[in-house]
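See below for coords-v6.tsv, which holds TSV, C-alpha atoms.
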chain	number	residue	atom	x	y	z
A	1	MET	CA	0.00	0.00	0.00
A	2	PRO	CA	1.43	3.40	-0.93
A	3	ASP	CA	2.89	5.39	1.91
A	4	SER	CA	1.50	8.90	1.73
A	5	ALA	CA	0.98	10.09	5.30
A	6	PRO	CA	-0.38	13.65	5.37
A	7	ALA	CA	1.18	16.56	7.21
A	8	PRO	CA	-0.27	17.11	10.71
A	9	ASP	CA	-2.23	20.19	9.59
A	10	ALA	CA	-3.29	18.82	6.19
A	11	PRO	CA	-7.02	18.48	5.44
A	12	LEU	CA	-8.53	15.04	5.80
A	13	ARG	CA	-8.28	12.92	2.68
A	14	ILE	CA	-11.56	11.56	1.31
A	15	GLY	CA	-12.14	8.58	-0.96
A	16	SER	CA	-15.41	8.54	-2.88
A	17	LEU	CA	-17.20	5.38	-4.02
A	18	PHE	CA	-20.31	5.15	-6.23
A	19	SER	CA	-19.67	8.86	-6.69
A	20	GLY	CA	-22.40	9.95	-9.09
A	21	TYR	CA	-22.38	13.72	-9.60
A	22	GLY	CA	-20.71	14.30	-6.20
A	23	GLY	CA	-23.65	15.33	-4.01
A	24	LEU	CA	-22.56	13.28	-1.01
A	25	ASP	CA	-18.98	14.39	-1.54
A	26	LEU	CA	-19.94	18.07	-1.29
A	27	ALA	CA	-21.46	17.36	2.10
A	28	VAL	CA	-18.59	15.19	3.35
A	29	GLU	CA	-15.96	17.72	2.29
A	30	HIS	CA	-17.89	20.44	4.12
A	31	VAL	CA	-18.54	18.48	7.33
A	32	PHE	CA	-15.02	17.03	7.59
A	33	ALA	CA	-13.21	20.05	6.09
A	34	GLY	CA	-11.52	17.54	3.80
A	35	ARG	CA	-10.31	17.14	0.23
A	36	THR	CA	-11.30	14.33	-2.12
A	37	ALA	CA	-8.28	12.27	-3.17
A	38	TRP	CA	-9.92	9.84	-5.63
A	39	PHE	CA	-13.32	8.63	-6.76
A	40	SER	CA	-14.88	5.54	-8.31
A	41	GLY	CA	-17.44	6.03	-11.05
A	42	LEU	CA	-18.35	3.46	-13.70
A	43	ASN	CA	-21.12	5.30	-15.55
A	44	PRO	CA	-19.45	7.73	-18.00
A	45	ALA	CA	-22.07	10.53	-17.72
A	46	PRO	CA	-21.97	11.20	-13.94
A	47	ALA	CA	-18.24	10.43	-13.91
A	48	ARG	CA	-17.77	13.27	-16.39
A	49	VAL	CA	-19.73	15.59	-14.09
A	50	PHE	CA	-17.66	14.57	-11.08
A	51	ALA	CA	-14.37	14.99	-12.94
A	52	ARG	CA	-15.45	18.43	-14.14
A	53	HIS	CA	-15.92	19.71	-10.59
A	54	TRP	CA	-12.97	17.83	-9.07
A	55	PRO	CA	-10.35	18.29	-11.80
A	56	GLY	CA	-7.29	16.09	-11.68
A	57	ILE	CA	-8.82	13.58	-9.24
A	58	PRO	CA	-8.21	10.02	-10.49
A	59	ASN	CA	-11.18	7.78	-11.22
A	60	LEU	CA	-10.58	4.21	-10.03
A	61	GLY	CA	-13.30	2.98	-12.37
A	62	ASP	CA	-15.15	-0.29	-11.79
A	63	ILE	CA	-15.13	-0.94	-8.05
A	64	THR	CA	-15.17	-4.70	-8.60
A	65	GLN	CA	-11.81	-4.51	-10.39
A	66	VAL	CA	-9.88	-2.26	-7.98
A	67	ASP	CA	-6.79	-3.63	-6.24
A	68	TRP	CA	-7.09	-1.74	-2.95
A	69	ARG	CA	-3.49	-2.54	-2.05
A	70	GLN	CA	-2.47	-0.08	-4.75
A	71	VAL	CA	-4.87	2.72	-3.75
A	72	GLU	CA	-3.87	5.83	-1.80
A	73	PRO	CA	-5.05	5.53	1.83
A	74	VAL	CA	-7.62	8.07	2.99
A	75	ASP	CA	-9.10	9.31	6.25
A	76	VAL	CA	-12.73	9.12	5.13
A	77	ILE	CA	-14.49	6.74	2.74
A	78	CYS	CA	-17.94	7.78	1.57
A	79	GLY	CA	-20.42	6.30	-0.84
A	80	GLY	CA	-24.06	5.73	-1.67
A	81	PHE	CA	-23.98	2.12	-2.86
A	82	PRO	CA	-26.59	1.12	-5.49
A	83	CYS	CA	-30.19	1.17	-4.31
A	84	GLN	CA	-31.97	-0.74	-7.08
A	85	ASP	CA	-32.40	-3.98	-5.13
A	86	VAL	CA	-33.43	-2.45	-1.80
A	87	SER	CA	-35.68	0.33	-3.12
A	88	THR	CA	-39.39	0.01	-2.39
A	89	VAL	CA	-40.10	0.72	-6.07
A	90	GLY	CA	-37.73	-1.99	-7.34
A	91	LYS	CA	-37.89	-5.78	-7.42
A	92	ARG	CA	-36.67	-6.00	-3.81
A	93	ALA	CA	-34.01	-8.60	-4.54
A	94	GLY	CA	-32.27	-7.33	-1.42
A	95	LEU	CA	-28.70	-6.97	-0.30
A	96	ALA	CA	-27.33	-10.23	-1.62
A	97	PRO	CA	-24.41	-11.58	-3.66
A	98	GLY	CA	-24.91	-10.92	-7.35
A	99	THR	CA	-27.27	-7.96	-6.94
A	100	ARG	CA	-26.45	-4.34	-7.67
A	101	SER	CA	-27.09	-3.39	-4.05
A	102	GLY	CA	-24.84	-6.28	-3.08
A	103	LEU	CA	-21.95	-4.10	-4.24
A	104	TRP	CA	-21.95	-2.89	-0.65
A	105	ALA	CA	-19.61	-5.88	-0.23
A	106	GLN	CA	-17.05	-4.11	-2.41
A	107	MET	CA	-17.32	-0.97	-0.30
A	108	ALA	CA	-16.80	-3.10	2.82
A	109	THR	CA	-13.68	-4.59	1.23
A	110	ALA	CA	-12.32	-1.10	0.52
A	111	ILE	CA	-12.94	-0.13	4.15
A	112	ASP	CA	-11.28	-3.33	5.34
A	113	MET	CA	-8.16	-2.76	3.25
A	114	LEU	CA	-7.73	1.02	3.69
A	115	GLN	CA	-8.91	1.35	7.32
A	116	PRO	CA	-10.10	4.97	7.19
A	117	GLU	CA	-10.94	6.81	10.39
A	118	TRP	CA	-14.49	7.51	9.20
A	119	VAL	CA	-17.06	5.89	6.91
A	120	VAL	CA	-20.11	7.67	5.49
A	121	ALA	CA	-22.78	5.68	3.65
A	122	GLU	CA	-26.15	6.66	2.20
A	123	ASN	CA	-29.10	4.80	0.73
A	124	VAL	CA	-32.86	4.84	0.24
A	125	ARG	CA	-35.64	4.16	2.77
A	126	GLY	CA	-35.87	0.56	1.54
A	127	LEU	CA	-32.61	-0.22	3.34
A	128	LEU	CA	-34.73	-0.37	6.52
A	129	SER	CA	-37.05	-3.08	5.22
A	130	ALA	CA	-35.29	-4.97	2.43
A	131	THR	CA	-33.73	-8.30	3.30
A	132	ALA	CA	-30.09	-9.32	3.09
A	133	ARG	CA	-28.47	-12.67	2.53
A	134	ARG	CA	-25.03	-13.77	3.61
A	135	PRO	CA	-22.77	-15.72	1.24
A	136	ASP	CA	-23.22	-19.49	1.35
A	137	PRO	CA	-21.17	-21.29	4.02
A	138	GLU	CA	-19.00	-23.04	1.46
A	139	ASP	CA	-17.91	-19.60	0.24
A	140	ASP	CA	-17.06	-18.44	3.76
A	141	HIS	CA	-13.51	-19.30	4.68
A	142	ASP	CA	-14.06	-18.55	8.35
A	143	GLU	CA	-11.46	-20.25	10.51
A	144	ARG	CA	-13.19	-19.79	13.84
A	145	ASN	CA	-13.57	-22.96	15.93
A	146	PRO	CA	-16.34	-25.02	14.31
A	147	LEU	CA	-18.44	-27.29	16.46
A	148	SER	CA	-16.89	-30.37	14.85
A	149	ALA	CA	-13.43	-29.32	16.04
A	150	VAL	CA	-14.73	-28.75	19.55
A	151	LEU	CA	-16.35	-32.18	19.62
A	152	GLU	CA	-13.09	-33.85	18.64
A	153	CYS	CA	-11.53	-32.64	21.88
A	154	ALA	CA	-14.51	-33.01	24.17
A	155	THR	CA	-15.30	-35.78	26.60
A	156	LEU	CA	-18.37	-37.92	26.01
A	157	ALA	CA	-20.32	-35.99	28.63
A	158	THR	CA	-19.34	-32.65	27.12
A	159	ARG	CA	-20.29	-33.86	23.65
A	160	ALA	CA	-23.74	-34.82	24.85
A	161	ALA	CA	-24.19	-31.45	26.53
A	162	LEU	CA	-23.11	-29.55	23.41
A	163	ARG	CA	-25.48	-31.51	21.18
A	164	ALA	CA	-28.34	-30.81	23.57
A	165	MET	CA	-27.80	-27.04	23.48
A	166	GLU	CA	-30.67	-25.12	21.92
A	167	PRO	CA	-29.54	-23.00	18.95
A	168	ASP	CA	-29.94	-19.26	19.38
A	169	PRO	CA	-32.56	-17.94	16.90
A	170	TRP	CA	-31.51	-14.31	17.51
A	171	ASP	CA	-27.94	-14.49	16.31
A	172	LEU	CA	-26.28	-11.90	14.09
A	173	GLY	CA	-27.50	-13.36	10.83
A	174	ASP	CA	-24.49	-15.54	10.07
A	175	ALA	CA	-26.74	-18.32	8.82
A	176	PRO	CA	-27.43	-17.53	5.15
A	177	ALA	CA	-30.95	-18.97	5.29
A	178	ARG	CA	-32.10	-16.60	8.03
A	179	PRO	CA	-33.63	-13.33	6.76
A	180	LEU	CA	-31.69	-10.25	7.81
A	181	ARG	CA	-32.55	-6.64	7.18
A	182	ALA	CA	-30.30	-4.82	4.74
A	183	LEU	CA	-29.46	-2.06	7.21
A	184	GLY	CA	-28.67	-4.71	9.83
A	185	ALA	CA	-26.27	-6.40	7.43
A	186	VAL	CA	-24.47	-3.12	6.72
A	187	LEU	CA	-24.21	-2.25	10.41
A	188	GLY	CA	-23.08	-5.80	11.19
A	189	ASP	CA	-20.33	-5.63	8.59
A	190	LEU	CA	-19.14	-2.32	10.02
A	191	ALA	CA	-19.12	-3.84	13.51
A	192	ASP	CA	-17.07	-6.77	12.18
A	193	LEU	CA	-14.64	-4.20	10.81
A	194	ARG	CA	-14.31	-2.61	14.29
A	195	TYR	CA	-16.36	0.49	13.42
A	196	ASP	CA	-18.86	2.11	15.75
A	197	ALA	CA	-21.80	3.06	13.50
A	198	ARG	CA	-24.85	5.21	14.01
A	199	TRP	CA	-27.57	6.11	11.53
A	200	LEU	CA	-30.64	8.21	10.95
A	201	GLY	CA	-33.30	8.71	8.32
A	202	LEU	CA	-34.00	12.21	7.05
A	203	SER	CA	-36.37	13.70	4.49
A	204	ALA	CA	-35.23	16.39	2.07
A	205	SER	CA	-38.21	18.45	3.18
A	206	HIS	CA	-36.61	18.64	6.64
A	207	VAL	CA	-34.02	21.01	5.19
A	208	GLY	CA	-36.55	23.02	3.20
A	209	ALA	CA	-36.68	21.15	-0.12
A	210	PRO	CA	-40.12	20.99	-1.78
A	211	HIS	CA	-40.07	17.18	-1.93
A	212	THR	CA	-39.71	14.28	0.50
A	213	ARG	CA	-36.79	12.18	-0.80
A	214	PHE	CA	-36.21	10.25	2.43
A	215	ARG	CA	-32.70	8.89	2.80
A	216	VAL	CA	-30.81	6.80	5.37
A	217	PHE	CA	-27.38	8.13	6.38
A	218	ILE	CA	-24.75	6.11	8.25
A	219	LEU	CA	-21.71	7.55	10.04
A	220	ALA	CA	-19.14	5.11	11.42
A	221	GLY	CA	-15.90	5.77	13.28
A	222	ARG	CA	-13.03	3.36	13.71
A	223	THR	CA	-12.79	2.05	17.27
A	224	VAL	CA	-9.31	0.50	17.04
A	225	PRO	CA	-6.58	3.14	16.51
A	226	HIS	CA	-4.04	0.78	14.96
A	227	PRO	CA	-5.89	-2.33	13.85
A	228	ALA	CA	-2.94	-4.20	12.37
A	229	GLY	CA	-3.98	-7.79	12.07
A	230	LEU	CA	-7.53	-7.03	13.14
A	231	GLY	CA	-10.47	-7.06	10.78
A	232	ARG	CA	-13.77	-8.66	10.14
A	233	ARG	CA	-13.73	-12.36	9.50
A	234	SER	CA	-13.06	-13.12	5.86
A	235	ARG	CA	-16.32	-13.39	3.94
A	236	ARG	CA	-15.71	-11.74	0.67
A	237	GLY	CA	-12.52	-13.33	-0.60
A	238	ASP	CA	-9.24	-11.66	-1.41
A	239	PRO	CA	-9.18	-8.13	-2.79
A	240	GLY	CA	-9.07	-7.82	-6.55
A	241	THR	CA	-5.77	-8.45	-8.22
A	242	ARG	CA	-6.59	-6.88	-11.56
A	243	ALA	CA	-5.83	-3.18	-11.76
A	244	SER	CA	-8.81	-1.13	-12.89
A	245	PRO	CA	-7.98	1.44	-15.58
A	246	THR	CA	-7.74	4.87	-14.03
A	247	ARG	CA	-9.62	7.54	-15.95
A	248	HIS	CA	-10.32	11.21	-15.46
A	249	ASP	CA	-13.29	11.44	-17.86
A	250	CYS	CA	-12.76	15.18	-18.03
A	251	PRO	CA	-12.68	16.62	-21.56
A	252	LEU	CA	-12.53	20.21	-20.31
A	253	ALA	CA	-10.19	21.92	-17.91
A	254	SER	CA	-11.71	23.39	-14.76
A	255	ASP	CA	-10.10	25.97	-12.52
A	256	HIS	CA	-12.23	25.59	-9.42
A	257	ARG	CA	-13.06	23.22	-6.61
A	258	PRO	CA	-16.71	22.94	-5.58
A	259	GLY	CA	-16.49	23.52	-1.85
A	260	ALA	CA	-15.80	27.24	-1.88
A	261	GLU	CA	-18.75	28.12	-4.11
A	262	TRP	CA	-21.20	25.65	-2.62
A	263	ALA	CA	-20.76	25.76	1.15
A	264	PRO	CA	-21.81	29.35	2.00
A	265	ALA	CA	-25.14	29.13	0.19
A	266	GLN	CA	-25.99	25.51	0.85
A	267	ALA	CA	-24.77	24.62	4.31
A	268	GLY	CA	-26.66	27.23	6.32
A	269	GLN	CA	-29.44	26.45	8.74
A	270	GLY	CA	-32.23	28.35	7.00
A	271	ALA	CA	-34.76	25.50	6.74
A	272	GLY	CA	-38.09	26.27	8.31
A	273	ARG	CA	-37.79	30.05	7.95
A	274	ALA	CA	-41.13	31.63	6.99
A	275	VAL	CA	-41.09	32.85	3.40
A	276	ALA	CA	-44.29	34.28	1.95
A	277	ALA	CA	-45.42	33.45	-1.56
A	278	ASP	CA	-46.36	36.64	-3.42
A	279	ARG	CA	-49.12	36.96	-6.01
A	280	ALA	CA	-46.75	36.35	-8.91
A	281	ALA	CA	-45.53	33.12	-7.33
A	282	VAL	CA	-49.10	31.95	-6.72
A	283	ARG	CA	-50.06	32.68	-10.34
A	284	ARG	CA	-47.08	30.70	-11.61
A	285	TRP	CA	-46.95	27.80	-9.17
A	286	GLY	CA	-50.45	27.58	-7.74
A	287	ARG	CA	-50.66	25.45	-4.59
A	288	TYR	CA	-46.93	24.72	-4.79
A	289	ALA	CA	-46.00	28.40	-4.49
A	290	GLY	CA	-45.17	28.30	-0.78
A	291	ALA	CA	-42.89	25.25	-1.10
A	292	ILE	CA	-41.15	26.70	-4.14
A	293	ARG	CA	-40.52	30.05	-2.46
A	294	ARG	CA	-39.16	28.39	0.70
A	295	TRP	CA	-36.56	26.49	-1.37
A	296	GLU	CA	-35.65	29.53	-3.45
A	297	HIS	CA	-34.50	31.27	-0.27
A	298	PRO	CA	-31.70	28.86	0.82
A	299	THR	CA	-30.66	27.98	-2.74
A	300	GLY	CA	-30.28	31.65	-3.60
A	301	ARG	CA	-31.90	31.42	-7.03
A	302	ALA	CA	-35.33	31.35	-8.60
A	303	ALA	CA	-36.87	28.05	-9.61
A	304	PRO	CA	-36.42	27.30	-13.34
A	305	ALA	CA	-39.28	26.15	-15.55
A	306	PRO	CA	-40.39	22.70	-14.34
A	307	THR	CA	-41.05	21.08	-17.72
A	308	LEU	CA	-39.94	21.05	-21.33
A	309	LEU	CA	-41.81	19.85	-24.40
A	310	ASN	CA	-40.49	16.77	-26.17
A	311	HIS	CA	-40.61	16.16	-29.92
A	312	ASP	CA	-44.23	15.03	-29.65
A	313	GLY	CA	-45.26	18.19	-27.84
A	314	GLN	CA	-45.64	16.35	-24.52
A	315	PRO	CA	-44.24	17.84	-21.30
A	316	ARG	CA	-41.30	16.14	-19.61
A	317	PRO	CA	-39.28	17.09	-16.51
A	318	ALA	CA	-36.75	19.83	-17.14
A	319	PRO	CA	-33.25	18.78	-15.98
A	320	ARG	CA	-32.47	22.31	-14.74
A	321	PHE	CA	-35.55	22.21	-12.51
A	322	VAL	CA	-34.56	18.81	-11.07
A	323	GLU	CA	-31.04	20.16	-10.54
A	324	TRP	CA	-32.57	23.06	-8.58
A	325	LEU	CA	-34.71	20.62	-6.56
A	326	MET	CA	-31.50	18.88	-5.52
A	327	GLY	CA	-30.06	22.16	-4.26
A	328	LEU	CA	-27.19	22.17	-6.75
A	329	PRO	CA	-25.66	25.25	-8.39
A	330	ASP	CA	-27.07	26.06	-11.80
A	331	GLY	CA	-25.25	24.01	-14.44
A	332	TRP	CA	-23.71	21.49	-12.02
A	333	VAL	CA	-25.09	18.67	-14.17
A	334	THR	CA	-26.80	20.58	-16.99
A	335	ASP	CA	-23.90	22.71	-18.27
A	336	PRO	CA	-23.92	22.26	-22.08
A	337	ASP	CA	-20.13	21.90	-22.06
A	338	LEU	CA	-20.59	18.53	-20.33
A	339	GLU	CA	-22.36	17.31	-23.48
A	340	LEU	CA	-24.88	15.14	-21.62
A	341	SER	CA	-28.26	14.31	-23.11
A	342	SER	CA	-31.40	15.24	-21.20
A	343	SER	CA	-31.89	11.57	-20.31
A	344	GLU	CA	-28.34	11.31	-18.98
A	345	GLN	CA	-28.84	14.46	-16.92
A	346	LEU	CA	-32.11	13.22	-15.42
A	347	THR	CA	-30.65	9.78	-14.65
A	348	ALA	CA	-27.65	11.31	-12.90
A	349	LEU	CA	-29.85	13.68	-10.91
A	350	GLY	CA	-32.34	10.98	-9.98
A	351	ASN	CA	-29.57	8.79	-8.55
A	352	GLY	CA	-27.84	11.60	-6.67
A	353	VAL	CA	-27.71	12.92	-3.13
A	354	LEU	CA	-29.06	16.26	-1.98
A	355	PRO	CA	-25.97	17.86	-0.37
A	356	ARG	CA	-27.80	20.06	2.13
A	357	GLN	CA	-29.74	17.04	3.41
A	358	ALA	CA	-26.53	15.05	3.87
A	359	VAL	CA	-24.88	17.95	5.74
A	360	ARG	CA	-27.80	18.14	8.16
A	361	ALA	CA	-27.74	14.38	8.76
A	362	LEU	CA	-23.98	14.19	9.34
A	363	ASP	CA	-24.05	17.22	11.64
A	364	ALA	CA	-26.78	15.56	13.70
A	365	LEU	CA	-24.91	12.26	13.86
A	366	GLN	CA	-21.73	13.98	14.98
A	367	ARG	CA	-23.49	16.02	17.66
A	368	ASN	CA	-25.61	13.17	18.97
A	369	PRO	CA	-23.85	9.79	19.03
A	370	ALA	CA	-27.09	8.17	20.14
A	371	ALA	CA	-29.03	9.44	17.10

Could you take the file, read its structure, and then write that structure out as structure tokens?
Amino acid sequence: MPDSAPAPDAPLRIGSLFSGYGGLDLAVEHVFAGRTAWFSGLNPAPARVFARHWPGIPNLGDITQVDWRQVEPVDVICGGFPCQDVSTVGKRAGLAPGTRSGLWAQMATAIDMLQPEWVVAENVRGLLSATARRPDPEDDHDERNPLSAVLECATLATRAALRAMEPDPWDLGDAPARPLRALGAVLGDLADLRYDARWLGLSASHVGAPHTRFRVFILAGRTVPHPAGLGRRSRRGDPGTRASPTRHDCPLASDHRPGAEWAPAQAGQGAGRAVAADRAAVRRWGRYAGAIRRWEHPTGRAAPAPTLLNHDGQPRPAPRFVEWLMGLPDGWVTDPDLELSSSEQLTALGNGVLPRQAVRALDALQRNPAA
């Protein structure tokens, strides 16, 4: 593993997984006063957005192909692993090997190998109710004392007593056949990795956004200062040995970092402030006027037109309006220089994180360990 220890007064280094357009990263950089060192984005469209706003940051590419022994160590790992299989609007395949949401296992491997001080994870409400499944026992190379080994050394009386013991139905979900909640599996993996995790669910409307967009946020801190030789029991196999091609996906130079322009307008505590909707707003937005005006105040800009007409003359969501709903600066995803289609813009925005919401959640988790 590369040796790149930071100076004592250097900002915390952040590694970003499942990065999307960087919404969670804006929040993590603000809360931890850190700097992103690398990111992992497989989809070319959002990876291009991320690279535009974090110029020069290497893209590790496909997370399943990364050799973590060759990756720069960081102080914080953050990521919103795929939600398709735990979402309440999906097929509910759950957090299981072979599913998209099962890529949490790759994030856990990165945490295991790099041992950051902090882990930040985010996902949809379905994480609370979707099931999880552990790998099959034959795939688990756990070397803890199996019952058969104990019996070999036991007396006849002890053997009889062990066989008569009633199995515990409320174990930690190690048996692959026993249903386990997806959030419980994530928290259990973090506990195996010697991380103390806490979580909360928060709606975007809690920070003033005119939509619900409930999300689950997890903040975990390492409990063992120098965990050499310590780690969760091996479940996921060895880390990848094939180097993933590193890409920047950035066709245009950029001379700015996002934190300076985003934090003052977005990280304030203005949610809940009374903002009246004037007659012009009511004429334009009708019953939504109050919600629209309340979000215009903290975002610092007027709401764009909500729809565009497609080739058939039918209305469709306007990407700039969705971008505004997410509390992003104008053009963060929709800048024409990024050369993304409207569908690519909407897909990236729909899969992203609302930065202001993430800031509020992480602030609450830091202030209240029992949250």

Practice problem: Up to 9 Å from (-31.4, -7.4, 6.7) in the file's coordinates: name the residues, counting all atoms listed in the file, as a PyMOL selection string. | Solution: chain A and resi 94-95+127-133+173+179-186

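With CA of Trp104 (chain A) on one side and CA of Val66 (chain A) on the other, the separation reads 14.1 Å.
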
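Of the residues under consideration (A:Ala51, A:Leu26, A:Ala33, A:Ala110), A:Ala110 shows the shortest atom-to-atom contact distance to Gln65 (chain A) when counting all atoms listed in the file.
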
Quiz item: Taking (-16.9, 16.6, -10.6) in the file's coordinates as the center, which residues reach within 9 Å of it, counting only C-alpha atoms, put as an MDAnalysis selection string?
Solution: chainID A and resid 20:22 46:55 57 250 257:258 332

Quiz item: Using all atoms listed in the file, which of the listed residues (A:Leu309, A:Ile14, A:Leu187, A:Ala289) sits closest to Ala27 (chain A)?
Solution: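 The closest residue to Ala27 (chain A) is A:Ile14.
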
Quiz prompt | Atomic separation - CA of Pro336 (chain A) relative to CA of Ile63 (chain A), Å | solution =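 Separating CA of Ile63 (chain A) from CA of Pro336 (chain A) is a distance of 28.5 Å.
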
Quiz item: Do you have the CA of Pro58 (chain A)-CA of Gln357 (chain A) distance handy?
Solution: 26.6 Å

Quiz item: Nearest to Arg367 (chain A): which of A:Gly34, A:Gly286, A:Arg198, A:Arg294 is it, counting only C-alpha atoms?
Solution: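 Among the listed residues, the smallest separation from Arg367 (chain A) belongs to A:Arg198.
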
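In this comparison, which uses only C-alpha atoms, the residue of A:Arg320, A:Gln70, A:Phe81, A:Ala348 approaching Asp335 (chain A) most closely is A:Arg320.
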
Quiz prompt | Which residue of A:Val89, A:Leu365, A:Leu354, A:Ile77 approaches Met107 (chain A) most closely, using all atoms listed in the file | solution = A:Ile77

Practice problem: Name the residues in contact with Thr334 (chain A) at a cut-off of 12 Å, using all atoms listed in the file, excluding same-chain residues fewer than 6 positions from it; report them as a list in words. | Solution: Tyr21, Ala45, Pro46, Arg48, Val49, Arg52, Ala318, Pro319, Arg320, Phe321, Val322, Glu323, Trp324, Leu328, Leu340, Ser341, Ser342, Ser343, Glu344, Gln345, Leu346, Thr347, Ala348 and Leu349 of chain A
